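What follows is a short report on a single structure.
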Amino acid sequence: MARHYTPDVVQVSDGLPLDHDRLLAHLRPVRKNVVDCRFEVHEAVAEGPRIAARLTIHARTRKGGPTSTEVHLFGEFTEDGRMRRAHQLTRALPAAEASERAQ
């Protein structure tokens with residue numbers, strides 16, 4: 001976490017704010033359950049420490065198989081590249097579409 005996020009990070013995902021501790025609690029089970037992951041960046045615009053991006057996360061989980069999630073992200077990074085804050089909207093893609101895109 002310390003390598004990628006500042007101690008005061010706030011990530012608002014679909015309206016739910018996650019501070020450092022809540023983000024860590026979210027990421028722990030993700031790391032245990034995801035066996036493969038790929039980020040498909042469709043577009044990204046950066047200016048200084050800020051970024052706006054539209055991407056799809058393709059993952060394969062231990063029990064659930066392939067899954068894909070669309071993400072629209074606005075973020076701010078520190079000079080050393082760690083995320084300070086982010087606002088994102090996500091949408092899980094239908095299973096058939098996720099399976100197609102995962103390949």
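As shown in the structure tokens, the chain order sets the letters A, B, ...; within each chain, residues go from 1, and ligands are also counted from 1 in the order they appear.
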Worksheet item: What are the DSSP strand (DSSP E) residues of chain A, as a ChimeraX atom specification?
Response: /A:5-13,16-19,34-47,50-61,65-77,83-92
Discussion item. Just want the 9 Å neighbourhood of stretch 84-89 of chain A, counted on only C-alpha atoms, with same-chain residues fewer than 5 positions away dropped. Output as a VMD selection string.
Written reply: chain A and resid 5 to 15 17 70 to 78
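Every protein or nucleic acid residue with an atom no more than 12 Å from A:Ala92, counting only C-alpha atoms and leaving out same-chain residues fewer than 5 positions away, appears here: Asp14, Thr56, Ile57, His58, Ala59, Pro66, Thr67, Ser68, Thr69, Glu70, Val71, Glu97 and Ala98 of chain A.
Atom pair atom CA of A:Arg54 / atom CA of A:Gly81: separated by 19.0 Å.
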Practice prompt. Find the spatial neighbours of A:Val30, counting only C-alpha atoms, within a cut-off of 12 Å - ignore same-chain residues fewer than 6 positions away - and output them as a list in words.
Written response: Leu23, Leu24, Asp36, Cys37, Ala59, Arg60, Thr61 and Arg62 of chain A
